[in-house]
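Let me begin by presenting the structure, written as structure tokens, before commenting on it.
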Amino acid sequence: MIQLDPTTTAVIAIDLQKGITGMSLAPRTGEDIVQATASLAERVRQAGATMAWVRVNWGPDFKDAPSNRVDLPAKRPDAGMPPEWDTLEPGLVRDGDLHALKHHWGAFTGTDLDLQLRRRGIKTVVFTGIATNMGVESSARSAWELGYDVVILEDLCTSFSAELHAFPVDNIFPRIARVIKSDQLAFGA
């Protein structure tokens with residue numbers, strides 16, 4: 001169990017949007033992550049901590065996408081993204097929550113998330129979301145490099161396979177964060 005000061009803590013949910021949560025995911029489904037994160041968000045707000053939602057979009061013409069000149073390029077649909085692809089799942093967001101739109105895997109590059117957090121005095125960030133080894137890992141690495149204390153809620157993350165989820169959980173996150181289950185998270189001064 002870890003206890004975090006709610007006045008200096010933000011929980012950041014990565015990519016819980018309609019175009020991602022319905023993909024084939026493991027070790028947990030997108031629906032499982034959405035439901036569990038919705039419950040956590042209520043706990044976060046009741047404790048007086050900050051809740052933040054990050055979603056990804058590259059624009060209909062992909063002009064906001066990072067370079068695709070890589071060995072394994074992302075598949076981009078010819079007709080663009082379906083309507084509401086980047087819309088957060090219903091029922092998650094409440095007034096007062098923070099928002100960031102990203103164009104990369106990580107939540108900090110090219111966004112104002114760091115500024116929003118620092119203005120609120122945030123020192124600890126707690127991550128949930130999809131995909132563990134992409135958006136969550138990239139965001140957690142950046143947060144650690146920016147000087148935040150980082151916590152990963154392992155049971156509120158998932159990826160495209162159990163193996164892709166397990167690698168950062170076992171090998172990367174312990175070097176930059178505290179890795180816990182969501183029921184081990186408590187708030188108090």
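Lettering and numbering for the structure tokens are positional, with chains as A, B, ... in the shown order, residues counted from 1 in each chain, and ligands counted from 1 in the shown order.
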Distance table requested - stretch 38-121 of chain A against stretch 17-25 of chain A, cut-off 8 Å, only C-alpha atoms: one row per qualifying residue with the closest atom pair and its distance in Å to one decimal, ordered by chain and rising residue number, as a Markdown table.
| residue | atom | partner | partner_atom | distance |
| --- | --- | --- | --- | --- |
| A:Arg55 | CA | A:Gln17 | CA | 6.6 |
| A:Pro82 | CA | A:Gly19 | CA | 7.9 |
| A:Glu84 | CA | A:Lys18 | CA | 6.7 |
| A:Trp85 | CA | A:Gly19 | CA | 4.2 |
| A:Asp86 | CA | A:Gln17 | CA | 5.4 |
| A:Thr87 | CA | A:Gln17 | CA | 5.2 |
| A:Leu88 | CA | A:Gln17 | CA | 4.0 |
| A:Glu89 | CA | A:Gln17 | CA | 5.2 |
- Using DSSP on the backbone, list every residue of stretch 122-189 of chain A that comes out as strand (DSSP E or B), and give them as a PyMOL selection string. chain A and resi 124-130+149-160+178-180+185-187
- Task: With a distance cut-off of 10 Å and only C-alpha atoms, select the neighbouring residues of A:Gln46, excluding the residue or stretch itself and same-chain residues fewer than 4 positions from it, and output the selection as a PyMOL selection string.
- Result: chain A and resi 6+40-42+50+187
- Item | Contacts of A:Thr37 within 9 Å, only C-alpha atoms, excl. fewer than 2 positions in-chain, as a PyMOL selection string | chain A and resi 13+32-35+39-42+92+128-129+156
Selected residues written out with C-alpha atoms, as a PDB file, in the first residue's frame:
ATOM      1  CA  ALA A  13      -5.400   7.841 -18.067  1.00  0.00           C
ATOM      2  CA  ASP A  32     -12.207  -3.871 -18.284  1.00  0.00           C
ATOM      3  CA  ILE A  33      -9.725  -0.989 -18.241  1.00  0.00           C
ATOM      4  CA  VAL A  34     -12.427   1.617 -18.911  1.00  0.00           C
ATOM      5  CA  GLN A  35     -14.693   0.326 -16.131  1.00  0.00           C
ATOM      6  CA  SER A  39     -14.194   3.678 -10.615  1.00  0.00           C
ATOM      7  CA  LEU A  40     -10.688   4.885  -9.825  1.00  0.00           C
ATOM      8  CA  ALA A  41     -11.485   8.346 -11.220  1.00  0.00           C
ATOM      9  CA  GLU A  42     -14.329   8.703  -8.707  1.00  0.00           C
ATOM     10  CA  LEU A  92     -15.327   9.027 -17.891  1.00  0.00           C
ATOM     11  CA  THR A 128      -3.332   3.863 -16.293  1.00  0.00           C
ATOM     12  CA  GLY A 129      -4.229   3.084 -19.879  1.00  0.00           C
ATOM     13  CA  LEU A 156      -5.297  -0.762 -15.042  1.00  0.00           C
TER      14      LEU A 156
END
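Restricting the calculation to only C-alpha atoms, the smallest distance between A:Thr9 and any of A:Arg28, A:Arg45, A:His99, A:Arg175 is found for A:Arg45.
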Would you pick out the contacts of A:Asp114 at 12 Å or less, using only C-alpha atoms, so that residues sharing its chain but fewer than 2 positions from it are not included, and give the list as a PDB file with N, CA, C and O atoms, in the first residue's frame?
ATOM      1  N   ALA A  10      -1.614  13.493  -9.464  1.00  0.00           N
ATOM      2  CA  ALA A  10      -2.535  13.404 -10.602  1.00  0.00           C
ATOM      3  C   ALA A  10      -2.542  11.982 -11.125  1.00  0.00           C
ATOM      4  O   ALA A  10      -1.489  11.343 -11.238  1.00  0.00           O
ATOM      5  N   ILE A  12      -3.302   9.917 -14.440  1.00  0.00           N
ATOM      6  CA  ILE A  12      -3.354  10.199 -15.876  1.00  0.00           C
ATOM      7  C   ILE A  12      -3.760   8.926 -16.606  1.00  0.00           C
ATOM      8  O   ILE A  12      -3.043   7.921 -16.565  1.00  0.00           O
ATOM      9  N   ALA A  52      -6.663  13.307 -14.973  1.00  0.00           N
ATOM     10  CA  ALA A  52      -6.314  13.797 -16.309  1.00  0.00           C
ATOM     11  C   ALA A  52      -6.566  12.713 -17.346  1.00  0.00           C
ATOM     12  O   ALA A  52      -6.323  11.525 -17.100  1.00  0.00           O
ATOM     13  N   LEU A  98      -8.511  17.383 -16.123  1.00  0.00           N
ATOM     14  CA  LEU A  98      -7.578  17.908 -17.123  1.00  0.00           C
ATOM     15  C   LEU A  98      -7.673  17.085 -18.399  1.00  0.00           C
ATOM     16  O   LEU A  98      -8.059  15.914 -18.369  1.00  0.00           O
ATOM     17  N   HIS A  99      -7.262  17.718 -19.510  1.00  0.00           N
ATOM     18  CA  HIS A  99      -7.286  17.054 -20.814  1.00  0.00           C
ATOM     19  C   HIS A  99      -6.009  17.381 -21.571  1.00  0.00           C
ATOM     20  O   HIS A  99      -5.501  18.499 -21.468  1.00  0.00           O
ATOM     21  N   ALA A 100      -5.532  16.423 -22.346  1.00  0.00           N
ATOM     22  CA  ALA A 100      -4.407  16.671 -23.251  1.00  0.00           C
ATOM     23  C   ALA A 100      -4.628  15.861 -24.521  1.00  0.00           C
ATOM     24  O   ALA A 100      -5.024  14.691 -24.460  1.00  0.00           O
ATOM     25  N   GLY A 106       3.767   9.367 -26.387  1.00  0.00           N
ATOM     26  CA  GLY A 106       3.827   9.919 -25.041  1.00  0.00           C
ATOM     27  C   GLY A 106       2.924  11.125 -24.837  1.00  0.00           C
ATOM     28  O   GLY A 106       2.658  11.892 -25.763  1.00  0.00           O
ATOM     29  N   ALA A 107       2.489  11.311 -23.596  1.00  0.00           N
ATOM     30  CA  ALA A 107       1.540  12.368 -23.245  1.00  0.00           C
ATOM     31  C   ALA A 107       2.180  13.734 -23.064  1.00  0.00           C
ATOM     32  O   ALA A 107       1.462  14.730 -22.978  1.00  0.00           O
ATOM     33  N   PHE A 108       3.510  13.815 -23.014  1.00  0.00           N
ATOM     34  CA  PHE A 108       4.158  15.084 -22.725  1.00  0.00           C
ATOM     35  C   PHE A 108       4.714  15.783 -23.960  1.00  0.00           C
ATOM     36  O   PHE A 108       4.691  17.005 -24.043  1.00  0.00           O
ATOM     37  N   THR A 109       5.205  15.034 -24.925  1.00  0.00           N
ATOM     38  CA  THR A 109       5.805  15.636 -26.111  1.00  0.00           C
ATOM     39  C   THR A 109       4.756  16.373 -26.930  1.00  0.00           C
ATOM     40  O   THR A 109       3.775  15.788 -27.374  1.00  0.00           O
ATOM     41  N   GLY A 110       4.963  17.670 -27.102  1.00  0.00           N
ATOM     42  CA  GLY A 110       4.066  18.471 -27.930  1.00  0.00           C
ATOM     43  C   GLY A 110       2.727  18.809 -27.303  1.00  0.00           C
ATOM     44  O   GLY A 110       1.827  19.275 -28.004  1.00  0.00           O
ATOM     45  N   THR A 111       2.565  18.585 -26.005  1.00  0.00           N
ATOM     46  CA  THR A 111       1.313  18.929 -25.324  1.00  0.00           C
ATOM     47  C   THR A 111       1.610  19.920 -24.196  1.00  0.00           C
ATOM     48  O   THR A 111       2.767  20.172 -23.858  1.00  0.00           O
ATOM     49  N   ASP A 112       0.557  20.427 -23.582  1.00  0.00           N
ATOM     50  CA  ASP A 112       0.737  21.321 -22.431  1.00  0.00           C
ATOM     51  C   ASP A 112       0.488  20.592 -21.108  1.00  0.00           C
ATOM     52  O   ASP A 112       0.281  21.229 -20.075  1.00  0.00           O
ATOM     53  N   GLN A 116       0.163  22.151 -17.288  1.00  0.00           N
ATOM     54  CA  GLN A 116      -1.073  22.028 -16.501  1.00  0.00           C
ATOM     55  C   GLN A 116      -0.797  21.399 -15.138  1.00  0.00           C
ATOM     56  O   GLN A 116      -1.333  21.836 -14.114  1.00  0.00           O
ATOM     57  N   LEU A 117       0.045  20.373 -15.123  1.00  0.00           N
ATOM     58  CA  LEU A 117       0.358  19.685 -13.861  1.00  0.00           C
ATOM     59  C   LEU A 117       1.168  20.581 -12.931  1.00  0.00           C
ATOM     60  O   LEU A 117       0.872  20.680 -11.737  1.00  0.00           O
ATOM     61  N   ARG A 118       2.191  21.220 -13.466  1.00  0.00           N
ATOM     62  CA  ARG A 118       3.052  22.071 -12.618  1.00  0.00           C
ATOM     63  C   ARG A 118       2.276  23.255 -12.049  1.00  0.00           C
ATOM     64  O   ARG A 118       2.499  23.648 -10.901  1.00  0.00           O
ATOM     65  N   ARG A 119       1.366  23.840 -12.817  1.00  0.00           N
ATOM     66  CA  ARG A 119       0.549  24.954 -12.301  1.00  0.00           C
ATOM     67  C   ARG A 119      -0.296  24.517 -11.115  1.00  0.00           C
ATOM     68  O   ARG A 119      -0.697  25.345 -10.291  1.00  0.00           O
ATOM     69  N   ARG A 120      -0.622  23.244 -11.044  1.00  0.00           N
ATOM     70  CA  ARG A 120      -1.439  22.720  -9.943  1.00  0.00           C
ATOM     71  C   ARG A 120      -0.588  22.141  -8.815  1.00  0.00           C
ATOM     72  O   ARG A 120      -1.113  21.572  -7.865  1.00  0.00           O
ATOM     73  N   GLY A 121       0.734  22.245  -8.939  1.00  0.00           N
ATOM     74  CA  GLY A 121       1.623  21.761  -7.882  1.00  0.00           C
ATOM     75  C   GLY A 121       1.779  20.253  -7.845  1.00  0.00           C
ATOM     76  O   GLY A 121       2.137  19.682  -6.813  1.00  0.00           O
ATOM     77  N   ILE A 122       1.530  19.585  -8.960  1.00  0.00           N
ATOM     78  CA  ILE A 122       1.610  18.122  -9.006  1.00  0.00           C
ATOM     79  C   ILE A 122       3.069  17.670  -8.965  1.00  0.00           C
ATOM     80  O   ILE A 122       3.908  18.156  -9.706  1.00  0.00           O
ATOM     81  N   LYS A 123       3.347  16.713  -8.095  1.00  0.00           N
ATOM     82  CA  LYS A 123       4.684  16.140  -7.961  1.00  0.00           C
ATOM     83  C   LYS A 123       4.703  14.638  -8.274  1.00  0.00           C
ATOM     84  O   LYS A 123       5.732  14.082  -8.623  1.00  0.00           O
ATOM     85  N   THR A 124       3.545  14.000  -8.136  1.00  0.00           N
ATOM     86  CA  THR A 124       3.437  12.554  -8.377  1.00  0.00           C
ATOM     87  C   THR A 124       2.384  12.311  -9.437  1.00  0.00           C
ATOM     88  O   THR A 124       1.279  12.855  -9.370  1.00  0.00           O
ATOM     89  N   VAL A 125       2.730  11.483 -10.433  1.00  0.00           N
ATOM     90  CA  VAL A 125       1.773  11.104 -11.469  1.00  0.00           C
ATOM     91  C   VAL A 125       1.581   9.599 -11.430  1.00  0.00           C
ATOM     92  O   VAL A 125       2.524   8.833 -11.262  1.00  0.00           O
ATOM     93  N   SER A 139       4.854   7.811 -21.834  1.00  0.00           N
ATOM     94  CA  SER A 139       4.444   8.881 -20.921  1.00  0.00           C
ATOM     95  C   SER A 139       5.153   8.760 -19.579  1.00  0.00           C
ATOM     96  O   SER A 139       5.602   9.772 -19.011  1.00  0.00           O
ATOM     97  N   SER A 142       8.812   9.885 -19.895  1.00  0.00           N
ATOM     98  CA  SER A 142       8.914  11.347 -19.952  1.00  0.00           C
ATOM     99  C   SER A 142       8.647  11.977 -18.591  1.00  0.00           C
ATOM    100  O   SER A 142       9.345  12.912 -18.188  1.00  0.00           O
ATOM    101  N   ALA A 143       7.640  11.491 -17.893  1.00  0.00           N
ATOM    102  CA  ALA A 143       7.317  12.033 -16.571  1.00  0.00           C
ATOM    103  C   ALA A 143       8.502  11.875 -15.625  1.00  0.00           C
ATOM    104  O   ALA A 143       8.865  12.810 -14.891  1.00  0.00           O
ATOM    105  N   TRP A 144       9.118  10.712 -15.643  1.00  0.00           N
ATOM    106  CA  TRP A 144      10.288  10.451 -14.794  1.00  0.00           C
ATOM    107  C   TRP A 144      11.435  11.383 -15.181  1.00  0.00           C
ATOM    108  O   TRP A 144      12.092  11.975 -14.319  1.00  0.00           O
ATOM    109  N   GLU A 145      11.656  11.550 -16.481  1.00  0.00           N
ATOM    110  CA  GLU A 145      12.718  12.446 -16.947  1.00  0.00           C
ATOM    111  C   GLU A 145      12.434  13.904 -16.587  1.00  0.00           C
ATOM    112  O   GLU A 145      13.363  14.699 -16.405  1.00  0.00           O
ATOM    113  N   LEU A 146      11.162  14.274 -16.475  1.00  0.00           N
ATOM    114  CA  LEU A 146      10.777  15.632 -16.084  1.00  0.00           C
ATOM    115  C   LEU A 146      10.818  15.843 -14.570  1.00  0.00           C
ATOM    116  O   LEU A 146      10.561  16.944 -14.089  1.00  0.00           O
ATOM    117  N   GLY A 147      11.119  14.794 -13.815  1.00  0.00           N
ATOM    118  CA  GLY A 147      11.278  14.924 -12.378  1.00  0.00           C
ATOM    119  C   GLY A 147      10.077  14.559 -11.536  1.00  0.00           C
ATOM    120  O   GLY A 147      10.087  14.758 -10.316  1.00  0.00           O
ATOM    121  N   TYR A 148       9.032  14.013 -12.139  1.00  0.00           N
ATOM    122  CA  TYR A 148       7.883  13.563 -11.363  1.00  0.00           C
ATOM    123  C   TYR A 148       8.189  12.226 -10.701  1.00  0.00           C
ATOM    124  O   TYR A 148       8.943  11.409 -11.235  1.00  0.00           O
TER     125      TYR A 148
END
May I have a table of the residues of stretch 50-169 of chain A lying at most 6 Å from stretch 179-183 of chain A, giving each one's closest pair of atoms and their distance in Å to one decimal, counting only C-alpha atoms, ordered by chain and ascending residue number, as CSV?
residue,atom,partner,partner_atom,distance
A:Val151,CA,A:Val179,CA,5.9
A:Ile152,CA,A:Val179,CA,4.8
A:Leu153,CA,A:Lys181,CA,5.2
A:Glu154,CA,A:Lys181,CA,5.6
A:Asp155,CA,A:Lys181,CA,5.5
Generate a file of the selected residues that holds N, CA, C and O atoms, formatted as a compact mmCIF listing (two decimals), in the first residue's frame.
# COMPACT_ATOMS: atom_id res chain seq x y z
N VAL A 151 4.04 6.46 -10.57
CA VAL A 151 3.40 5.23 -10.09
C VAL A 151 2.64 4.64 -11.27
O VAL A 151 1.95 5.36 -12.00
N ILE A 152 2.77 3.34 -11.47
CA ILE A 152 2.04 2.64 -12.52
C ILE A 152 1.04 1.68 -11.86
O ILE A 152 1.43 0.88 -11.01
N LEU A 153 -0.22 1.78 -12.26
CA LEU A 153 -1.23 0.84 -11.77
C LEU A 153 -1.30 -0.31 -12.77
O LEU A 153 -2.00 -0.24 -13.78
N GLU A 154 -0.55 -1.35 -12.50
CA GLU A 154 -0.38 -2.46 -13.44
C GLU A 154 -1.71 -3.07 -13.86
O GLU A 154 -1.90 -3.40 -15.03
N ASP A 155 -2.65 -3.21 -12.94
CA ASP A 155 -3.92 -3.85 -13.26
C ASP A 155 -4.87 -2.93 -14.03
O ASP A 155 -5.94 -3.37 -14.46
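The gap separating atom CA of A:Val54 from atom CA of A:Asp149 is 18.5 Å, in Å to one decimal.
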- Selection near A:Ala186, 7 Å with only C-alpha atoms, sequence-local residues under 6 positions removed, as a ChimeraX atom specification: /A:2-4
- Which residues come within 7 Å of stretch 131-133 of chain A, counting only C-alpha atoms, excluding same-chain residues fewer than 3 positions away, as a ChimeraX atom specification? /A:136-137,157-159,164-165,168
Would you save the residues of that selection, restricted to C-alpha atoms, as an mmCIF file, in the first residue's frame?
data_model
loop_
_atom_site.group_PDB
_atom_site.id
_atom_site.type_symbol
_atom_site.label_atom_id
_atom_site.label_comp_id
_atom_site.auth_asym_id
_atom_site.auth_seq_id
_atom_site.Cartn_x
_atom_site.Cartn_y
_atom_site.Cartn_z
ATOM 1 C CA VAL A 136 1.812 4.377 -20.975
ATOM 2 C CA GLU A 137 5.520 3.547 -21.135
ATOM 3 C CA CYS A 157 -3.000 -1.120 -18.054
ATOM 4 C CA THR A 158 -3.175 -3.437 -21.054
ATOM 5 C CA SER A 159 -1.593 -3.895 -24.467
ATOM 6 C CA LEU A 164 3.924 -6.752 -24.698
ATOM 7 C CA HIS A 165 2.261 -5.754 -21.432
ATOM 8 C CA PRO A 168 7.734 -2.929 -19.469
#
- Message: as a VMD selection string, please: every residue in chain A that a backbone DSSP assignment puts in alpha helix (DSSP H).
- Response: chain A and resid 18 to 21 30 to 47 113 to 119 137 to 145 162 to 167 173 to 176
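Coordinates place atom CA of A:Val56 at a distance of 6.3 Å from atom CA of A:Asp15.
Taking atom CA of A:Ala189 and atom CA of A:Met1 as the two end points, the separation is 14.5 Å.
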